[in-house]
>>> print(open('data.json').read())   # JSON, C-alpha atoms and all ligand atoms
[["chain", "number", "residue", "atom", "x", "y", "z"],
["A", 1, "MET", "CA", -44.34, -20.33, -54.85],
["A", 2, "THR", "CA", -40.71, -19.45, -54.46],
["A", 3, "PRO", "CA", -38.31, -19.89, -57.38],
["A", 4, "GLY", "CA", -36.11, -22.94, -56.83],
["A", 5, "ILE", "CA", -38.22, -24.45, -54.04],
["A", 6, "LYS", "CA", -40.10, -27.70, -54.60],
["A", 7, "PRO", "CA", -43.53, -27.36, -52.98],
["A", 8, "LEU", "CA", -44.64, -29.65, -50.16],
["A", 9, "VAL", "CA", -48.24, -30.75, -49.77],
["A", 10, "ALA", "CA", -48.59, -32.10, -46.23],
["A", 11, "GLY", "CA", -51.61, -33.66, -44.55],
["A", 12, "ASN", "CA", -52.28, -33.57, -40.83],
["A", 13, "TRP", "CA", -54.74, -36.25, -39.78],
["A", 14, "LYS", "CA", -54.83, -35.01, -36.18],
["A", 15, "MET", "CA", -56.69, -37.47, -33.88],
["A", 16, "ASN", "CA", -58.35, -39.23, -36.81],
["A", 17, "GLY", "CA", -57.64, -42.49, -38.55],
["A", 18, "LEU", "CA", -57.82, -46.17, -37.69],
["A", 19, "ASN", "CA", -56.06, -49.07, -39.30],
["A", 20, "SER", "CA", -59.14, -49.38, -41.48],
["A", 21, "SER", "CA", -58.35, -45.93, -42.96],
["A", 22, "ILE", "CA", -55.24, -47.28, -44.63],
["A", 23, "GLY", "CA", -57.21, -47.53, -47.89],
["A", 24, "GLU", "CA", -57.15, -43.71, -48.19],
["A", 25, "LEU", "CA", -53.38, -43.76, -47.89],
["A", 26, "GLU", "CA", -53.20, -46.52, -50.45],
["A", 27, "THR", "CA", -55.11, -44.37, -52.95],
["A", 28, "MET", "CA", -52.88, -41.36, -52.24],
["A", 29, "ARG", "CA", -49.76, -43.46, -52.68],
["A", 30, "ASP", "CA", -50.99, -45.05, -55.89],
["A", 31, "GLN", "CA", -52.04, -41.71, -57.39],
["A", 32, "PHE", "CA", -48.74, -40.06, -56.50],
["A", 33, "ARG", "CA", -47.39, -40.80, -59.94],
["A", 34, "PRO", "CA", -44.03, -39.68, -61.33],
["A", 35, "GLU", "CA", -45.62, -36.71, -63.17],
["A", 36, "LEU", "CA", -46.83, -35.41, -59.79],
["A", 37, "SER", "CA", -43.84, -36.43, -57.66],
["A", 38, "ALA", "CA", -41.59, -34.56, -60.11],
["A", 39, "LYS", "CA", -43.49, -31.38, -59.20],
["A", 40, "ILE", "CA", -44.26, -31.69, -55.48],
["A", 41, "ASP", "CA", -43.34, -33.59, -52.33],
["A", 42, "MET", "CA", -46.24, -35.31, -50.61],
["A", 43, "LEU", "CA", -46.41, -36.07, -46.90],
["A", 44, "VAL", "CA", -49.15, -37.29, -44.56],
["A", 45, "CYS", "CA", -48.70, -36.84, -40.80],
["A", 46, "LEU", "CA", -50.59, -39.62, -39.07],
["A", 47, "PRO", "CA", -51.54, -40.58, -35.55],
["A", 48, "PHE", "CA", -48.71, -42.56, -33.91],
["A", 49, "THR", "CA", -50.89, -45.68, -33.91],
["A", 50, "MET", "CA", -50.91, -45.82, -37.71],
["A", 51, "LEU", "CA", -47.24, -45.10, -38.35],
["A", 52, "GLY", "CA", -45.90, -48.65, -38.28],
["A", 53, "LYS", "CA", -48.38, -50.03, -40.76],
["A", 54, "ALA", "CA", -48.22, -46.91, -42.94],
["A", 55, "GLY", "CA", -44.43, -47.06, -42.98],
["A", 56, "ASP", "CA", -44.57, -50.49, -44.62],
["A", 57, "PHE", "CA", -47.15, -49.11, -47.03],
["A", 58, "VAL", "CA", -45.08, -46.24, -48.38],
["A", 59, "ALA", "CA", -41.70, -47.96, -48.14],
["A", 60, "ARG", "CA", -41.17, -48.14, -51.90],
["A", 61, "SER", "CA", -43.07, -44.98, -52.76],
["A", 62, "PRO", "CA", -41.95, -41.32, -52.95],
["A", 63, "MET", "CA", -44.87, -40.52, -50.63],
["A", 64, "ARG", "CA", -43.65, -39.69, -47.13],
["A", 65, "ILE", "CA", -45.30, -40.14, -43.76],
["A", 66, "GLY", "CA", -44.74, -38.18, -40.59],
["A", 67, "ALA", "CA", -45.89, -37.71, -37.01],
["A", 68, "GLN", "CA", -47.70, -34.79, -35.34],
["A", 69, "ASP", "CA", -45.57, -34.38, -32.22],
["A", 70, "CYS", "CA", -42.67, -35.97, -30.36],
["A", 71, "HIS", "CA", -40.79, -35.72, -27.09],
["A", 72, "ARG", "CA", -37.74, -33.50, -26.88],
["A", 73, "GLU", "CA", -35.60, -36.37, -25.63],
["A", 74, "LEU", "CA", -34.66, -39.53, -27.46],
["A", 75, "LYS", "CA", -35.46, -42.02, -24.71],
["A", 76, "GLY", "CA", -36.08, -42.33, -21.02],
["A", 77, "ALA", "CA", -38.67, -42.24, -18.26],
["A", 78, "HIS", "CA", -41.49, -40.35, -20.02],
["A", 79, "THR", "CA", -44.61, -42.45, -19.72],
["A", 80, "GLY", "CA", -46.89, -42.19, -22.70],
["A", 81, "ASP", "CA", -44.50, -40.13, -24.83],
["A", 82, "ILE", "CA", -43.03, -40.98, -28.22],
["A", 83, "SER", "CA", -39.48, -40.17, -29.36],
["A", 84, "VAL", "CA", -38.20, -39.16, -32.79],
["A", 85, "GLU", "CA", -36.19, -42.35, -32.89],
["A", 86, "MET", "CA", -39.40, -44.39, -32.49],
["A", 87, "ILE", "CA", -41.08, -42.32, -35.21],
["A", 88, "ALA", "CA", -38.15, -42.85, -37.58],
["A", 89, "ASP", "CA", -38.18, -46.55, -36.74],
["A", 90, "CYS", "CA", -41.67, -46.73, -38.29],
["A", 91, "GLY", "CA", -40.42, -45.29, -41.56],
["A", 92, "ALA", "CA", -41.60, -41.72, -40.94],
["A", 93, "THR", "CA", -39.36, -38.84, -42.00],
["A", 94, "ALA", "CA", -41.09, -35.73, -40.67],
["A", 95, "VAL", "CA", -42.65, -34.39, -37.47],
["A", 96, "ILE", "CA", -45.03, -31.46, -36.98],
["A", 97, "VAL", "CA", -44.05, -29.45, -33.91],
["A", 98, "GLY", "CA", -45.87, -26.61, -32.20],
["A", 99, "HIS", "CA", -49.22, -27.04, -33.91],
["A", 100, "SER", "CA", -51.62, -24.52, -32.34],
["A", 101, "GLU", "CA", -53.74, -27.37, -30.99],
["A", 102, "ARG", "CA", -50.72, -28.61, -29.03],
["A", 103, "ARG", "CA", -49.81, -25.12, -27.93],
["A", 104, "THR", "CA", -53.40, -24.69, -26.66],
["A", 105, "ASP", "CA", -54.29, -28.19, -25.42],
["A", 106, "HIS", "CA", -50.91, -28.92, -23.86],
["A", 107, "GLY", "CA", -49.64, -25.44, -23.08],
["A", 108, "GLU", "CA", -46.56, -25.84, -25.25],
["A", 109, "SER", "CA", -44.33, -22.77, -25.23],
["A", 110, "ASP", "CA", -42.08, -21.49, -28.03],
["A", 111, "GLU", "CA", -39.11, -22.80, -26.08],
["A", 112, "GLN", "CA", -40.57, -26.30, -25.79],
["A", 113, "VAL", "CA", -41.41, -26.26, -29.50],
["A", 114, "ARG", "CA", -37.84, -25.24, -30.33],
["A", 115, "GLU", "CA", -36.42, -28.05, -28.19],
["A", 116, "LYS", "CA", -38.62, -30.58, -29.96],
["A", 117, "ALA", "CA", -37.70, -29.18, -33.37],
["A", 118, "GLN", "CA", -34.03, -29.37, -32.45],
["A", 119, "THR", "CA", -34.34, -33.06, -31.63],
["A", 120, "VAL", "CA", -36.22, -33.73, -34.87],
["A", 121, "LEU", "CA", -33.56, -31.93, -36.93],
["A", 122, "HIS", "CA", -30.70, -33.56, -35.05],
["A", 123, "TRP", "CA", -32.23, -36.90, -35.95],
["A", 124, "GLY", "CA", -32.12, -35.93, -39.62],
["A", 125, "GLN", "CA", -35.86, -35.48, -40.03],
["A", 126, "MET", "CA", -38.03, -32.67, -41.37],
["A", 127, "ALA", "CA", -39.43, -30.43, -38.62],
["A", 128, "ILE", "CA", -42.62, -28.62, -39.63],
["A", 129, "ILE", "CA", -42.77, -25.76, -37.15],
["A", 130, "CYS", "CA", -46.24, -24.19, -36.87],
["A", 131, "ILE", "CA", -46.95, -20.56, -36.07],
["A", 132, "GLY", "CA", -50.02, -18.34, -36.37],
["A", 133, "GLU", "CA", -52.09, -15.68, -34.70],
["A", 134, "THR", "CA", -55.43, -15.91, -32.88],
["A", 135, "ASP", "CA", -58.49, -14.05, -34.10],
["A", 136, "GLU", "CA", -58.07, -11.57, -31.27],
["A", 137, "GLN", "CA", -54.46, -10.87, -32.19],
["A", 138, "ARG", "CA", -55.45, -10.42, -35.82],
["A", 139, "LYS", "CA", -58.15, -7.92, -34.89],
["A", 140, "LEU", "CA", -55.64, -6.00, -32.79],
["A", 141, "GLY", "CA", -53.41, -5.78, -35.87],
["A", 142, "SER", "CA", -50.57, -7.67, -34.19],
["A", 143, "THR", "CA", -50.26, -10.62, -36.59],
["A", 144, "LEU", "CA", -46.72, -9.83, -37.75],
["A", 145, "ASP", "CA", -45.52, -9.19, -34.20],
["A", 146, "VAL", "CA", -46.90, -12.57, -33.15],
["A", 147, "LEU", "CA", -45.24, -14.31, -36.09],
["A", 148, "LYS", "CA", -41.92, -12.59, -35.34],
["A", 149, "LYS", "CA", -41.98, -13.71, -31.71],
["A", 150, "GLN", "CA", -43.02, -17.27, -32.54],
["A", 151, "MET", "CA", -40.39, -17.57, -35.25],
["A", 152, "SER", "CA", -37.55, -16.32, -33.10],
["A", 153, "GLY", "CA", -38.67, -18.50, -30.18],
["A", 154, "SER", "CA", -39.62, -21.73, -31.97],
["A", 155, "ILE", "CA", -37.13, -22.09, -34.83],
["A", 156, "PRO", "CA", -33.76, -23.58, -33.86],
["A", 157, "ASP", "CA", -30.51, -21.88, -34.90],
["A", 158, "SER", "CA", -29.49, -24.71, -37.20],
["A", 159, "ALA", "CA", -31.21, -27.31, -39.34],
["A", 160, "GLU", "CA", -28.36, -29.73, -38.46],
["A", 161, "ASN", "CA", -28.96, -32.89, -40.54],
["A", 162, "GLY", "CA", -32.64, -32.23, -41.11],
["A", 163, "GLU", "CA", -34.90, -29.75, -42.85],
["A", 164, "ILE", "CA", -36.72, -26.81, -41.32],
["A", 165, "VAL", "CA", -40.19, -26.12, -42.74],
["A", 166, "VAL", "CA", -42.32, -23.29, -41.35],
["A", 167, "ALA", "CA", -46.12, -23.50, -41.53],
["A", 168, "TYR", "CA", -48.19, -20.34, -41.15],
["A", 169, "GLU", "CA", -51.56, -21.34, -39.77],
["A", 170, "PRO", "CA", -53.82, -18.50, -38.61],
["A", 171, "ILE", "CA", -55.65, -20.14, -35.69],
["A", 172, "TRP", "CA", -58.97, -18.61, -36.70],
["A", 173, "ALA", "CA", -58.69, -20.26, -40.12],
["A", 174, "ILE", "CA", -58.10, -23.80, -38.82],
["A", 175, "GLY", "CA", -61.12, -26.03, -39.34],
["A", 176, "THR", "CA", -63.45, -23.04, -39.77],
["A", 177, "GLY", "CA", -63.76, -22.77, -43.54],
["A", 178, "LEU", "CA", -62.38, -19.22, -43.25],
["A", 179, "THR", "CA", -59.16, -18.16, -44.95],
["A", 180, "PRO", "CA", -57.23, -14.91, -44.97],
["A", 181, "THR", "CA", -57.31, -12.88, -48.18],
["A", 182, "ALA", "CA", -54.58, -13.61, -50.71],
["A", 183, "LYS", "CA", -53.13, -10.20, -49.87],
["A", 184, "ASP", "CA", -52.92, -11.05, -46.16],
["A", 185, "VAL", "CA", -51.29, -14.43, -46.87],
["A", 186, "GLU", "CA", -48.80, -12.77, -49.20],
["A", 187, "GLU", "CA", -47.94, -10.15, -46.61],
["A", 188, "ALA", "CA", -47.46, -12.73, -43.85],
["A", 189, "HIS", "CA", -45.30, -14.97, -46.04],
["A", 190, "ARG", "CA", -43.20, -12.07, -47.33],
["A", 191, "PHE", "CA", -42.60, -11.06, -43.73],
["A", 192, "MET", "CA", -41.67, -14.64, -42.72],
["A", 193, "ARG", "CA", -39.27, -14.90, -45.66],
["A", 194, "ALA", "CA", -37.58, -11.65, -44.68],
["A", 195, "GLU", "CA", -37.24, -12.84, -41.08],
["A", 196, "LEU", "CA", -35.64, -16.09, -42.23],
["A", 197, "VAL", "CA", -33.19, -14.31, -44.53],
["A", 198, "GLU", "CA", -32.26, -11.92, -41.76],
["A", 199, "ARG", "CA", -31.54, -14.82, -39.45],
["A", 200, "PHE", "CA", -30.08, -17.45, -41.79],
["A", 201, "GLY", "CA", -28.75, -15.37, -44.69],
["A", 202, "GLU", "CA", -29.16, -16.89, -48.18],
["A", 203, "ASP", "CA", -30.26, -20.21, -46.60],
["A", 204, "GLY", "CA", -33.43, -18.42, -45.50],
["A", 205, "ASN", "CA", -34.45, -18.33, -49.16],
["A", 206, "THR", "CA", -34.43, -22.13, -49.34],
["A", 207, "ILE", "CA", -36.75, -22.84, -46.39],
["A", 208, "ARG", "CA", -40.22, -23.98, -47.37],
["A", 209, "LEU", "CA", -43.07, -21.83, -46.07],
["A", 210, "LEU", "CA", -46.42, -23.63, -45.94],
["A", 211, "TYR", "CA", -49.85, -22.07, -45.55],
["A", 212, "GLY", "CA", -52.40, -23.97, -43.44],
["A", 213, "GLY", "CA", -56.01, -23.34, -42.43],
["A", 214, "SER", "CA", -59.08, -24.47, -44.38],
["A", 215, "VAL", "CA", -57.16, -25.36, -47.55],
["A", 216, "LYS", "CA", -59.53, -27.22, -49.87],
["A", 217, "PRO", "CA", -59.45, -28.35, -53.50],
["A", 218, "GLY", "CA", -61.53, -25.27, -54.36],
["A", 219, "ASN", "CA", -59.13, -22.66, -52.94],
["A", 220, "ALA", "CA", -55.79, -24.48, -53.31],
["A", 221, "LYS", "CA", -54.86, -23.02, -56.66],
["A", 222, "GLU", "CA", -55.22, -19.44, -55.49],
["A", 223, "LEU", "CA", -53.47, -20.00, -52.16],
["A", 224, "MET", "CA", -50.62, -22.08, -53.61],
["A", 225, "GLY", "CA", -50.03, -19.51, -56.33],
["A", 226, "ILE", "CA", -49.15, -16.77, -53.82],
["A", 227, "ASN", "CA", -45.53, -15.60, -53.63],
["A", 228, "ASN", "CA", -43.53, -17.39, -50.92],
["A", 229, "VAL", "CA", -46.25, -20.01, -50.36],
["A", 230, "ASP", "CA", -44.34, -23.22, -50.93],
["A", 231, "GLY", "CA", -47.09, -25.69, -50.17],
["A", 232, "ALA", "CA", -49.84, -26.42, -47.70],
["A", 233, "LEU", "CA", -50.50, -28.04, -44.35],
["A", 234, "ILE", "CA", -53.95, -29.57, -44.56],
["A", 235, "GLY", "CA", -56.17, -30.92, -41.81],
["A", 236, "GLY", "CA", -59.74, -31.89, -42.65],
["A", 237, "ALA", "CA", -59.26, -32.11, -46.41],
["A", 238, "SER", "CA", -56.32, -34.52, -46.03],
["A", 239, "LEU", "CA", -58.47, -37.30, -44.58],
["A", 240, "LYS", "CA", -60.00, -38.26, -47.91],
["A", 241, "ALA", "CA", -57.73, -39.17, -50.80],
["A", 242, "GLU", "CA", -60.01, -37.46, -53.28],
["A", 243, "ASP", "CA", -59.78, -34.08, -51.51],
["A", 244, "PHE", "CA", -56.08, -34.37, -50.77],
["A", 245, "LEU", "CA", -55.27, -35.30, -54.34],
["A", 246, "GLY", "CA", -57.55, -32.49, -55.51],
["A", 247, "ILE", "CA", -55.32, -30.07, -53.60],
["A", 248, "CYS", "CA", -52.17, -31.66, -55.06],
["A", 249, "ALA", "CA", -53.70, -31.11, -58.49],
["A", 250, "ALA", "CA", -53.35, -27.36, -57.94],
["A", 251, "TYR", "CA", -49.73, -27.88, -59.07],
["B", 1, "LIG", "P1", -57.71, -27.54, -41.52],
["B", 1, "LIG", "O1", -56.50, -27.76, -40.47],
["B", 1, "LIG", "O2", -57.14, -27.78, -42.89],
["B", 1, "LIG", "O3", -58.74, -28.57, -41.13],
["B", 1, "LIG", "O4", -58.18, -26.15, -41.35],
["B", 1, "LIG", "C1", -55.20, -27.30, -40.75],
["B", 1, "LIG", "C2", -54.27, -27.68, -39.63],
["B", 1, "LIG", "O5", -54.65, -27.57, -38.46],
["B", 1, "LIG", "O6", -53.13, -28.11, -39.88]]
>>> encode(input="data.json", output="structure tokens")
Amino acid sequence: MTPGIKPLVAGNWKMNGLNSSIGELETMRDQFRPELSAKIDMLVCLPFTMLGKAGDFVARSPMRIGAQDCHRELKGAHTGDISVEMIADCGATAVIVGHSERRTDHGESDEQVREKAQTVLHWGQMAIICIGETDEQRKLGSTLDVLKKQMSGSIPDSAENGEIVVAYEPIWAIGTGLTPTAKDVEEAHRFMRAELVERFGEDGNTIRLLYGGSVKPGNAKELMGINNVDGALIGGASLKAEDFLGICAAY
């Protein structure tokens, strides 16, 4: 938690979800009651194929939907790619950029991530910029150096009309059931906060810092209670409304 920052609980469905999964979203939307929406923002980042239908679904709800990637340009000859404008057209208001699975599977560099984030922010959307170290880097003791490099390379100089959110996701904790100790999360987030304040001044204190990697209903309260942890980015446990809402209940 950071004083003055409203937490964000964000789901990342990755390459999961069919139109038949819309029932899970319906439950999340219906359970996102005013008592909860007064405390937290809720977002689910879906596969592109679900965005249109989901956009209609959440249109009159405080629940937000987002995408998991986008192209750095707004339109043009880019077969198979999806632009921020198309994402917004579906009713989505956020895009994850630079998730480690995209950095690994598609060789995305910090510079490419920054360009995508810039487009997202220019379009007035929330850009959730993901960073995090590998197991090898952690064992070498270079976690903070890795975070520093990824932050300076991936985060644009200005939020423009949008909102910058930074998600710390240790790669070794994603989908493994492993999580860093509370002390390690606190140290990483304190470091990230200091980096943001150094770069953006007082505005750096208003940027939401999410933790991601094996967040579950059972560990959410401890993780979300750590200083400078302003919410979570959740993969596996965001697919089922019961688990996702169980994490929201940590607040
Ligand atoms: P996980 O994934 O919650 O399944 O570990 C987190 C993420 O990759 O965003």
>>> axis_aligned_box(input="data.json", around="ligand LIG 1 (chain B)", padding_each_side="4 Å", output="lines of an AutoDock Vina configuration file")
center_x = -55.9
center_y = -27.4
center_z = -40.7
size_x = 13.6
size_y = 10.4
size_z = 12.4
>>> residues_near_ligand(input="data.json", ligand="ligand LIG 1 (chain B)", cutoff="7 Å", atoms="all atoms listed in the file", output="MDAnalysis selection string")
chainID A and resid 12 169 173:177 212:215 233:237
>>> closest_residue(input="data.json", among="A:Val120, A:Val229, A:Met1, A:Met224", to="Cys248 in chain A", atoms="only C-alpha atoms")
A:Met224
>>> atom_distance(input="data.json", atom1="CA of Glu35 in chain A", atom2="CA of Gly231 in chain A")
17.1 Å
>>> atom_distance(input="data.json", atom1="CA of Arg193 in chain A", atom2="CA of Lys6 in chain A")
15.6 Å
>>> closest_residue(input="data.json", among="A:His99, A:His106, A:Lys139, A:Lys216", to="Tyr168 in chain A", atoms="all atoms listed in the file")
A:His99
>>> residues_around(input="data.json", residues="Glu163 in chain A", least_positions_apart="6", cutoff="7 Å", atoms="all atoms listed in the file", output="count of residues only")
4
